[in-house]
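Undergrad: Please find final10.pdb (PDB, C-alpha atoms) on the next line:
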ATOM      1  CA  MET G   1       0.000   0.000   0.000
ATOM      2  CA  ASN G   2       1.551   3.299  -0.968
ATOM      3  CA  ARG G   3       2.158   6.058   1.566
ATOM      4  CA  ARG G   4      -0.358   8.549   0.159
ATOM      5  CA  TYR G   5      -3.159   5.951   0.108
ATOM      6  CA  SER G   6      -2.275   4.817   3.633
ATOM      7  CA  GLN G   7      -2.438   8.409   4.910
ATOM      8  CA  ALA G   8      -5.759   9.024   3.149
ATOM      9  CA  LEU G   9      -7.199   5.848   4.659
ATOM     10  CA  ARG G  10      -6.068   6.806   8.188
ATOM     11  CA  LEU G  11      -7.507  10.279   7.754
ATOM     12  CA  TYR G  12     -10.827   8.885   6.530
ATOM     13  CA  GLN G  13     -11.053   6.397   9.411
ATOM     14  CA  LEU G  14     -10.334   9.018  12.072
ATOM     15  CA  THR G  15     -12.698  11.503  10.455
ATOM     16  CA  GLU G  16     -15.474   8.899  10.498
ATOM     17  CA  GLN G  17     -14.787   8.007  14.125
ATOM     18  CA  LEU G  18     -14.721  11.628  15.270
ATOM     19  CA  GLN G  19     -17.910  12.901  13.619
ATOM     20  CA  PRO G  20     -19.718  15.507  15.771
ATOM     21  CA  THR G  21     -22.753  13.227  15.787
ATOM     22  CA  GLN G  22     -20.704  10.251  17.024
ATOM     23  CA  LEU G  23     -21.577   9.253  20.573
ATOM     24  CA  VAL G  24     -18.560   9.806  22.809
ATOM     25  CA  HIS G  25     -18.835   6.417  24.512
ATOM     26  CA  THR G  26     -18.451   4.639  21.157
ATOM     27  CA  ILE G  27     -15.052   6.207  20.397
ATOM     28  CA  ASN G  28     -12.100   3.953  21.183
ATOM     29  CA  ARG G  29      -8.514   5.090  21.597
ATOM     30  CA  PRO G  30      -6.307   3.830  18.769
ATOM     31  CA  VAL G  31      -3.943   1.017  19.785
ATOM     32  CA  ASP G  32      -0.859   3.212  19.288
ATOM     33  CA  GLY G  33      -2.541   6.293  20.797
ATOM     34  CA  TRP G  34      -4.195   9.418  19.467
ATOM     35  CA  LEU G  35      -0.990  11.367  18.890
ATOM     36  CA  ARG G  36       0.487   8.879  16.457
ATOM     37  CA  ALA G  37      -2.846   8.168  14.750
ATOM     38  CA  VAL G  38      -3.607  11.853  14.183
ATOM     39  CA  ARG G  39      -0.028  12.717  13.180
ATOM     40  CA  GLN G  40       0.014   9.947  10.581
ATOM     41  CA  ALA G  41      -3.490  10.781   9.331
ATOM     42  CA  LEU G  42      -2.409  14.391   8.822
ATOM     43  CA  GLY G  43       0.738  13.263   7.034
ATOM     44  CA  LEU G  44       3.031  14.950   9.551
ATOM     45  CA  SER G  45       6.477  13.566  10.255
ATOM     46  CA  LEU G  46       8.028  13.290  13.702
ATOM     47  CA  LYS G  47      10.497  15.947  12.538
ATOM     48  CA  THR G  48       7.720  18.370  11.560
ATOM     49  CA  VAL G  49       5.854  18.056  14.864
ATOM     50  CA  GLY G  50       9.127  18.194  16.794
ATOM     51  CA  GLY G  51      10.146  21.333  14.922
ATOM     52  CA  ARG G  52       6.886  23.041  15.869
ATOM     53  CA  LEU G  53       7.568  22.281  19.541
ATOM     54  CA  LYS G  54      11.313  22.934  19.263
ATOM     55  CA  VAL G  55      12.146  19.369  20.325
ATOM     56  CA  THR G  56      13.749  16.441  18.525
ATOM     57  CA  PRO G  57      11.799  13.891  16.499
ATOM     58  CA  GLN G  58      12.908  11.326  19.089
ATOM     59  CA  ALA G  59      11.199  13.374  21.816
ATOM     60  CA  ILE G  60       7.920  13.270  19.866
ATOM     61  CA  HIS G  61       8.333   9.522  19.376
ATOM     62  CA  LEU G  62       8.828   9.095  23.135
ATOM     63  CA  LEU G  63       5.735  11.199  23.849
ATOM     64  CA  GLU G  64       3.705   9.040  21.471
ATOM     65  CA  LYS G  65       4.962   5.910  23.262
ATOM     66  CA  SER G  66       4.199   7.541  26.604
ATOM     67  CA  GLU G  67       0.625   8.278  25.517
ATOM     68  CA  SER G  68       0.171   4.742  24.236
ATOM     69  CA  ALA G  69       1.407   3.389  27.598
ATOM     70  CA  GLY G  70      -0.926   5.753  29.477
ATOM     71  CA  SER G  71       1.848   7.671  31.222
ATOM     72  CA  ILE G  72       1.846  10.988  29.335
ATOM     73  CA  SER G  73       0.932  14.106  31.284
ATOM     74  CA  LEU G  74      -2.090  16.111  30.245
ATOM     75  CA  ARG G  75       0.154  19.143  29.670
ATOM     76  CA  GLN G  76       2.397  17.153  27.286
ATOM     77  CA  LEU G  77      -0.606  15.724  25.455
ATOM     78  CA  GLU G  78      -2.057  19.207  24.973
ATOM     79  CA  ALA G  79       1.281  20.577  23.707
ATOM     80  CA  VAL G  80       1.727  17.901  21.049
ATOM     81  CA  ALA G  81      -1.931  18.082  20.032
ATOM     82  CA  GLY G  82      -1.619  21.862  19.664
ATOM     83  CA  ALA G  83       1.462  21.452  17.472
ATOM     84  CA  MET G  84      -0.702  19.382  15.131
ATOM     85  CA  GLY G  85      -3.533  21.931  15.104
ATOM     86  CA  CYS G  86      -5.700  19.928  17.492
ATOM     87  CA  ARG G  87      -6.949  20.280  21.029
ATOM     88  CA  VAL G  88      -7.468  17.768  23.814
ATOM     89  CA  VAL G  89     -10.974  17.137  25.082
ATOM     90  CA  TYR G  90     -10.789  15.525  28.506
ATOM     91  CA  THR G  91     -13.766  13.977  30.246
ATOM     92  CA  LEU G  92     -14.869  11.198  32.560
ATOM     93  CA  LEU G  93     -17.756   8.977  31.532
ATOM     94  CA  PRO G  94     -19.535   6.326  33.582
ATOM     95  CA  ILE G  95     -18.773   2.788  32.434
ATOM     96  CA  LYS G  96     -22.496   2.056  32.447
ATOM     97  CA  GLY G  97     -25.511   4.367  32.464
ATOM     98  CA  THR G  98     -25.417   8.064  33.261
ATOM     99  CA  LEU G  99     -23.762  10.119  35.998
ATOM    100  CA  ALA G 100     -27.177  10.579  37.639
ATOM    101  CA  GLU G 101     -27.716   6.810  37.712
ATOM    102  CA  LEU G 102     -24.219   6.282  39.086
ATOM    103  CA  ALA G 103     -24.781   8.872  41.826
ATOM    104  CA  SER G 104     -28.168   7.375  42.659
ATOM    105  CA  ALA G 105     -26.724   3.867  42.963
ATOM    106  CA  ASP G 106     -23.978   5.161  45.282
ATOM    107  CA  ALA G 107     -26.529   7.030  47.380
ATOM    108  CA  ASP G 108     -28.699   3.893  47.607
ATOM    109  CA  ARG G 109     -25.719   1.818  48.835
ATOM    110  CA  THR G 110     -24.896   4.455  51.452
ATOM    111  CA  LEU G 111     -28.519   4.648  52.599
ATOM    112  CA  ARG G 112     -28.793   0.852  52.945
ATOM    113  CA  SER G 113     -25.572   0.790  54.978
ATOM    114  CA  VAL G 114     -26.796   3.542  57.304
ATOM    115  CA  GLN G 115     -30.205   1.868  57.694
ATOM    116  CA  HIS G 116     -28.520  -1.423  58.587
ATOM    117  CA  SER G 117     -26.273   0.228  61.198
ATOM    118  CA  MET G 118     -29.191   2.114  62.698
ATOM    119  CA  SER G 119     -31.339  -1.023  62.909
ATOM    120  CA  LEU G 120     -28.521  -2.812  64.770
ATOM    121  CA  GLU G 121     -28.587   0.049  67.272
ATOM    122  CA  ASP G 122     -32.385  -0.194  67.515
ATOM    123  CA  GLN G 123     -32.736   3.168  65.740
ATOM    124  CA  ALA G 124     -34.236   1.923  62.490
ATOM    125  CA  VAL G 125     -35.842   4.449  60.164
ATOM    126  CA  LYS G 126     -39.354   3.454  59.091
ATOM    127  CA  SER G 127     -39.317   5.346  55.798
ATOM    128  CA  THR G 128     -36.611   6.641  53.504
ATOM    129  CA  GLU G 129     -38.881   9.391  52.188
ATOM    130  CA  LEU G 130     -38.275  12.975  53.176
ATOM    131  CA  PRO G 131     -41.197  14.922  54.632
ATOM    132  CA  GLY G 132     -43.350  16.253  51.802
ATOM    133  CA  GLN G 133     -41.693  13.970  49.258
ATOM    134  CA  VAL G 134     -44.053  12.372  46.747
ATOM    135  CA  LYS G 135     -43.474   8.837  45.513
ATOM    136  CA  PRO G 136     -42.955   8.611  41.743
TER     137      PRO G 136
END
What does the file become when written as structure tokens?
TA:
Amino acid sequence: MNRRYSQALRLYQLTEQLQPTQLVHTINRPVDGWLRAVRQALGLSLKTVGGRLKVTPQAIHLLEKSESAGSISLRQLEAVAGAMGCRVVYTLLPIKGTLAELASADADRTLRSVQHSMSLEDQAVKSTELPGQVKP
């Protein structure tokens, strides 16, 4: 496969994966990391990106390896991304469900634990509803 075709294919695949309508939880990090995948899709060499950051190509290579291993700092990731005309979007997503569901499940576990402790001390709560609260 020639270099130009390979670059075009990488660019197409990343563009498809990063569509604004794409659900965030369906996006998977490339095996070799975002930095390398984006750099190659844009057709940028290690030397070009290094030159933009005033570091050696070897330093960029090490940063790409560091990202792939999960040990890159957020500051380093942002710097390299910026040198390629990109920005880093950083977020935390629940593994399952929504943040509200996750918070509710945690609150339910805490409430059950407190109710159990109180019942052992003969201080059981008869209802978990707050005064004036309406059942759904």
Undergrad: Name the residues that the PyMOL selection byres ((chain G and resi 87-91) around 12) pulls out of this structure, and write them as a list of chain:residue names.
TA: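 Selection result, ordered by chain and number: G:Leu18, G:Val24, G:His25, G:Trp34, G:Leu35, G:Val38, G:Ser73, G:Leu74, G:Arg75, G:Gln76, G:Leu77, G:Glu78, G:Ala79, G:Val80, G:Ala81, G:Gly82, G:Ala83, G:Met84, G:Gly85, G:Cys86, G:Leu92, G:Leu93, G:Pro94.
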Undergrad: Applying 10 Å and only C-alpha atoms, which residues near Leu42 (chain G) remain after dropping the ones on its own chain fewer than 5 positions away? List them as number ranges by chain.
TA: G: 7-8, 10-11, 36-37, 84-85
Undergrad: My list of candidates is G:Leu120, G:Gly33, G:Leu23, G:Tyr5. Which is closest to Ala69 (chain G) when distances are computed with only C-alpha atoms?
TA: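 The closest residue to Ala69 (chain G) is G:Gly33.
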Undergrad: Considering all atoms listed in the file, state which residue in the set G:Ala105, G:Ile60, G:Gln19, G:Gly51 is at the smallest distance from Arg39 (chain G).
TA: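 Residue with the minimum atom-to-atom distance to Arg39 (chain G): G:Ile60.
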Undergrad: Ranking G:Pro30, G:Leu63, G:Gln40, G:Gly70 by minimum distance to Gln17 (chain G) and counting all atoms listed in the file, which one comes first?
TA: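 Looking at the shortest contact to Gln17 (chain G), the residue is G:Pro30.
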